[in-house]
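A.B. asks: Can you keep this structure in mind? I'll have questions shortly.
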Amino acid sequence: MGISERIKEGKASISVLGLGYVGLPIALAFAKKAKVVGFDINRSRVEMMKRGEDPSGELSASDFEGCNIEFTSNPEDLRSADFHIVAVPTPINPSQQPDLAPLLSASKILGRLLKKGDYVVYESTVYPGCTEDDCVPVMEAESGLKMGRDFNVGYSPERINPGDKVNTLDTIVKVVGANTSEATDEVAAVYDMVVSAGTHKVSSIKVAEASKIIENTQRDLNIALINELSIIFNKVGINTYEVLEAADTKWNFLPFKPGLVGGHCIGIDPYYLTWKSNKLGYHAKVINSARYVNDSMGFYVGKQTVKKILARGVNALGARVLVMGLTFKENVEDIRNTKVVDVIKELESFNVEVDVVDPHAKAEEALEEYGITLLDSPAKGNYHAVIVAVNHDEYKNLEESDFSELLENGEGVFVDVKGIYRDRISKLDYWSL
């Protein structure tokens with residue numbers, strides 16, 4: 001009897017290592033079908049989940065109902081499981097190189113607990129070859145077991161989109177690859193339990209790894225092109241969004257928009273691929289160029305804001321700017337690798353006084369991560385410029401008068417990073433990407 005049938009019949013159980021925005025939804029989905037052990041090293045997060053609270057703010061209490069799951073921060077509790085899913089972060093270091101510490105730590109934990117017949121499936125985004133070249137040797141060294149002979153390994157990249165209530169785990173096809181074709185079939189059968197959209201089986205772990213990393217790399221390149229066009233159009237003196245709307249009337253034009261590319265996926269994953277490419281002796285010119293463009297956009301927005309302030313006869317020294325939105329994207333709490341911070345840093349480099357508000361970001365996290373103090377509410381009539389950096393739903397229905405109230409004497413610069421107010425601003429000094 002294969003692992004998938006054993007799980008379905010309650011004779012085997014599942015563990016999920018890493019209960020962030022990826023791991024927790026997977027753990028809860030499986031927990032409605034089988035017994036699950038959910039592991040995270042952060043004890044305070046584990047205690048929240050035991051109370052039916054999602055630390056990432058993505059899931060509601062109802063999502064925890066009817067789940068056969070044990071939340072724990074004790075690695076020993078993972079021994080009872082037979083099918084292990086690894087969904088830990090894969091960040092980069094300050095030198096923009098892969099930081100595999102969380103991944104290798106999870107592999108070491110599993111290696112100490114592995115039994116013959118176990119399966120380990122990685123979901124963390126990595127470069128092609130990472131699972132077999134970096135993770136498997138750690139598990140083999142810790143366990144004394146051999147992949148293929150004693151245990152099997154698969155890779156099924158996560159495709160969860162934070163804040164997206166339409167494209168969810170259940171509705172997105174799951175790519176699956178493993179160390180043998182038989183293991184691939186078993187891993188696919190397990191995921192079929194919770195993914196109604198089905199699975200797409202590939203020939204190897206490396207193909208599965210590559211398929212994930214090029215998804216975000218492709219988006220990065222497309223957004224970088226539009227960001228560069230935005231810089232050009234700004235010099236021409238035309239609005240980028242109007243140009244894009246016109247071009248989009250052709251059936252095969254790709255509808256990408258300019259913006260700040262941050263977060264823990266698009267702004268990170270391409271560096272894993274370029275690092276691997278360098279190791280193989282090839283310098284990835286196009287990918288690196290796109291990364292340079294996108295990584296510079298926060299500073300570009302900050303500098304353009306200062307130029308607009310100066311053009312109004314206001315000295316940057318003593319100018320006051322309100323930044324609305326800090327999270328890396330709209331309608332989420334996550335501030336990891338948010339490029340709004342680059343906007344703020346650029347403003348402060350000109351000695352501009354900056355206030356920041358955000359209805360979703362947690363004040364304690366903003367202070368701890370970036371040293372930024374979030375205000376509960378802005379001071380009306382206090383600013384020379386307002387920047388709407390993130391288009392949260394709470395901001396979308398605001399009128400020009402709402403922003404005028406925030407500006408000194410009701411006049412000043414209004415920066416609309418995502419271009420959502422283009423047709424609603426007529427009196428303020430308007431600028432967008």
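Order determines the names: the first chain of the structure tokens is A, the second B, and so forth; residues in each chain are numbered 1 upward, and ligands are numbered 1 upward as they are shown.
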Can you tell me which residues surround A:Thr180 at a distance of at most 12 Å, considering only C-alpha atoms, apart from same-chain residues fewer than 2 positions away, and format the answer as a list in words?
C.D. replies: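 Returned residues: Tyr119, Met147, Gly148, Arg149, Phe151, Asn152, Val153, Gly154, Tyr155, Val176, Gly177, Ala178, Glu182, Ala183, Thr184, Asp185, Glu186, Val187, Lys201, Val202, Ser203, Ser204 and Ile205 of chain A.
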A.B. asks: A:Glu394: which residues within 10 Å, counting only C-alpha atoms, same-chain residues fewer than 2 positions away excluded, as a PyMOL selection string?
C.D. replies: chain A and resi 330-331+358-360+391-392+396-398
A.B. asks: Give me, as a VMD selection string, all polymer residues having an atom no more than 10 Å from stretch 381-386 of chain A, counting only C-alpha atoms and skipping those fewer than 3 positions away in the same chain.
C.D. replies: chain A and resid 305 to 306 308 to 309 312 314 316 318 to 324 353 to 355 378 389 403 to 416 428 to 430
A.B. asks: For N, CA and C atoms, I'd like the residues from the last selection saved as a tab-separated table (two decimals), in the first residue's frame.
C.D. replies:
chain	number	residue	atom	x	y	z
A	305	THR	N	9.48	62.83	-5.90
A	305	THR	CA	8.65	63.57	-4.95
A	305	THR	C	9.37	64.82	-4.46
A	306	VAL	N	10.65	64.67	-4.14
A	306	VAL	CA	11.44	65.82	-3.67
A	306	VAL	C	11.53	66.88	-4.76
A	308	LYS	N	9.36	67.52	-7.07
A	308	LYS	CA	8.07	68.19	-7.17
A	308	LYS	C	7.89	69.19	-6.02
A	309	ILE	N	8.38	68.82	-4.83
A	309	ILE	CA	8.30	69.72	-3.68
A	309	ILE	C	9.15	70.96	-3.91
A	312	ARG	N	7.82	73.62	-6.19
A	312	ARG	CA	6.78	74.46	-5.61
A	312	ARG	C	7.36	75.53	-4.68
A	314	VAL	N	9.33	75.00	-2.04
A	314	VAL	CA	9.47	74.55	-0.66
A	314	VAL	C	10.85	73.93	-0.48
A	316	ALA	N	13.53	71.44	0.82
A	316	ALA	CA	13.44	70.04	1.27
A	316	ALA	C	13.72	69.93	2.76
A	318	GLY	N	13.01	70.57	6.10
A	318	GLY	CA	11.81	71.05	6.78
A	318	GLY	C	10.53	70.67	6.07
A	319	ALA	N	10.64	70.11	4.85
A	319	ALA	CA	9.44	69.65	4.15
A	319	ALA	C	8.88	68.43	4.86
A	320	ARG	N	7.56	68.28	4.80
A	320	ARG	CA	6.90	67.17	5.48
A	320	ARG	C	6.08	66.36	4.46
A	321	VAL	N	6.27	65.03	4.50
A	321	VAL	CA	5.60	64.14	3.56
A	321	VAL	C	4.88	63.03	4.31
A	322	LEU	N	3.67	62.74	3.86
A	322	LEU	CA	2.91	61.61	4.41
A	322	LEU	C	2.95	60.46	3.42
A	323	VAL	N	3.38	59.29	3.88
A	323	VAL	CA	3.39	58.08	3.07
A	323	VAL	C	2.24	57.19	3.55
A	324	MET	N	1.35	56.88	2.63
A	324	MET	CA	0.18	56.05	2.96
A	324	MET	C	0.40	54.64	2.41
A	353	GLU	N	10.98	65.37	6.45
A	353	GLU	CA	10.31	64.74	7.60
A	353	GLU	C	9.18	63.85	7.07
A	354	VAL	N	9.20	62.57	7.45
A	354	VAL	CA	8.26	61.60	6.88
A	354	VAL	C	7.38	60.99	7.96
A	355	ASP	N	6.06	61.01	7.73
A	355	ASP	CA	5.10	60.27	8.55
A	355	ASP	C	4.56	59.11	7.72
A	378	PRO	N	-2.95	60.50	10.35
A	378	PRO	CA	-2.08	61.61	9.96
A	378	PRO	C	-2.57	62.93	10.53
A	389	ALA	N	1.35	54.94	-1.51
A	389	ALA	CA	2.33	53.97	-1.98
A	389	ALA	C	1.74	52.58	-2.19
A	403	PHE	N	-7.42	64.29	0.41
A	403	PHE	CA	-5.98	64.53	0.37
A	403	PHE	C	-5.67	66.01	0.58
A	404	SER	N	-6.52	66.89	0.07
A	404	SER	CA	-6.32	68.33	0.27
A	404	SER	C	-6.32	68.68	1.75
A	405	GLU	N	-7.16	68.01	2.52
A	405	GLU	CA	-7.23	68.25	3.96
A	405	GLU	C	-5.92	67.91	4.66
A	406	LEU	N	-5.17	67.01	4.08
A	406	LEU	CA	-3.90	66.60	4.69
A	406	LEU	C	-2.77	67.56	4.37
A	407	LEU	N	-2.90	68.30	3.29
A	407	LEU	CA	-1.84	69.16	2.80
A	407	LEU	C	-1.92	70.57	3.40
A	408	GLU	N	-0.77	71.19	3.56
A	408	GLU	CA	-0.71	72.54	4.12
A	408	GLU	C	-1.44	73.51	3.19
A	409	ASN	N	-2.38	74.25	3.75
A	409	ASN	CA	-3.20	75.20	3.00
A	409	ASN	C	-4.00	74.52	1.89
A	410	GLY	N	-4.19	73.21	2.02
A	410	GLY	CA	-5.00	72.47	1.04
A	410	GLY	C	-4.34	72.31	-0.30
A	411	GLU	N	-3.04	72.63	-0.40
A	411	GLU	CA	-2.33	72.54	-1.67
A	411	GLU	C	-1.02	71.77	-1.49
A	412	GLY	N	-0.55	71.17	-2.59
A	412	GLY	CA	0.72	70.49	-2.52
A	412	GLY	C	0.84	69.38	-3.54
A	413	VAL	N	1.78	68.48	-3.31
A	413	VAL	CA	2.11	67.40	-4.24
A	413	VAL	C	1.34	66.14	-3.85
A	414	PHE	N	0.75	65.52	-4.84
A	414	PHE	CA	0.07	64.24	-4.62
A	414	PHE	C	0.71	63.19	-5.52
A	415	VAL	N	1.35	62.18	-4.90
A	415	VAL	CA	2.03	61.11	-5.64
A	415	VAL	C	1.20	59.84	-5.55
A	416	ASP	N	0.78	59.38	-6.70
A	416	ASP	CA	-0.10	58.22	-6.83
A	416	ASP	C	0.69	57.08	-7.47
A	428	LEU	N	-4.66	69.31	-7.28
A	428	LEU	CA	-3.37	69.07	-6.65
A	428	LEU	C	-2.29	68.84	-7.71
A	429	ASP	N	-1.05	68.99	-7.30
A	429	ASP	CA	0.11	68.79	-8.17
A	429	ASP	C	0.35	67.28	-8.26
A	430	TYR	N	-0.19	66.67	-9.30
A	430	TYR	CA	-0.28	65.20	-9.41
A	430	TYR	C	0.93	64.59	-10.13
A.B. asks: DSSP on the backbone: which residues in stretch 187-251 of chain A end up as alpha helix (DSSP H)? Give the answer as a VMD selection string.
C.D. replies: chain A and resid 187 to 191 205 to 236 240 to 247
A.B. asks: Run DSSP on the backbone of this structure and report the residues of stretch 107-152 of chain A it assigns to strand (DSSP E), as a ChimeraX atom specification.
C.D. replies: /A:119-122,152
A.B. asks: Export N, CA and C atoms of the chosen residues as a short mmCIF file (atom, residue, chain, number, x, y, z; two decimals), in the first residue's frame?
C.D. replies:
data_model
loop_
_atom_site.label_atom_id
_atom_site.label_comp_id
_atom_site.auth_asym_id
_atom_site.auth_seq_id
_atom_site.Cartn_x
_atom_site.Cartn_y
_atom_site.Cartn_z
N TYR A 119 8.32 10.14 3.30
CA TYR A 119 8.41 11.05 2.16
C TYR A 119 8.69 12.45 2.69
N VAL A 120 9.53 13.20 1.97
CA VAL A 120 9.78 14.60 2.28
C VAL A 120 9.54 15.41 1.01
N VAL A 121 8.65 16.39 1.09
CA VAL A 121 8.34 17.23 -0.07
C VAL A 121 8.64 18.68 0.27
N TYR A 122 9.47 19.31 -0.55
CA TYR A 122 9.82 20.72 -0.35
C TYR A 122 8.92 21.60 -1.19
N ASN A 152 11.85 8.79 0.21
CA ASN A 152 11.67 9.48 -1.06
C ASN A 152 11.55 10.98 -0.84
#
A.B. asks: Could you check the closest approach to A:Arg291 for each of A:Glu132, A:Asp220, A:Glu346, A:Asp63 and tell me which residue wins, using only C-alpha atoms?
C.D. replies: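 Under the stated criterion, the closest residue is A:Asp220.
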A.B. asks: A:Asn161: which residues within 12 Å, counting only C-alpha atoms, same-chain residues fewer than 2 positions away excluded, as number ranges by chain?
C.D. replies: A: 21-22, 25, 58, 158-159, 163-169, 171-172, 216, 263-266, 329-332
A.B. asks: Rounded to one decimal, what separation in Å do you get between atom CA of A:Phe71 and atom CA of A:Leu367?
C.D. replies: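 So the two atoms, atom CA of A:Phe71 and atom CA of A:Leu367, lie 28.3 Å apart.
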A.B. asks: Which is closest to A:Tyr127 among A:Asp54, A:Glu76, A:Glu209, A:Glu140, if we use only C-alpha atoms?
C.D. replies: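 Counting only C-alpha atoms, the residue closest to A:Tyr127 is A:Glu209.
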A.B. asks: Which one is closest to A:Met193: A:Ser124, A:Gly23, A:Asp170, A:Val390? Count only C-alpha atoms.
C.D. replies: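 For A:Met193, the nearest of the given residues is A:Asp170.
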A.B. asks: For the contact check between stretch 74-159 of chain A and stretch 29-44 of chain A, emit one row per residue of stretch 74-159 of chain A within 9 Å, containing the shortest atom pair and the distance in Å rounded to one decimal, counting only C-alpha atoms, chain then rising number order, as CSV.
C.D. replies:
residue,atom,partner,partner_atom,distance
A:Asn74,CA,A:Phe39,CA,7.4
A:Pro75,CA,A:Phe39,CA,7.3
A:Asp77,CA,A:Val37,CA,7.4
A:Leu78,CA,A:Val37,CA,6.6
A:Ser80,CA,A:Val37,CA,8.4
A:Ala81,CA,A:Val37,CA,7.2
A:Val88,CA,A:Asp40,CA,9.0
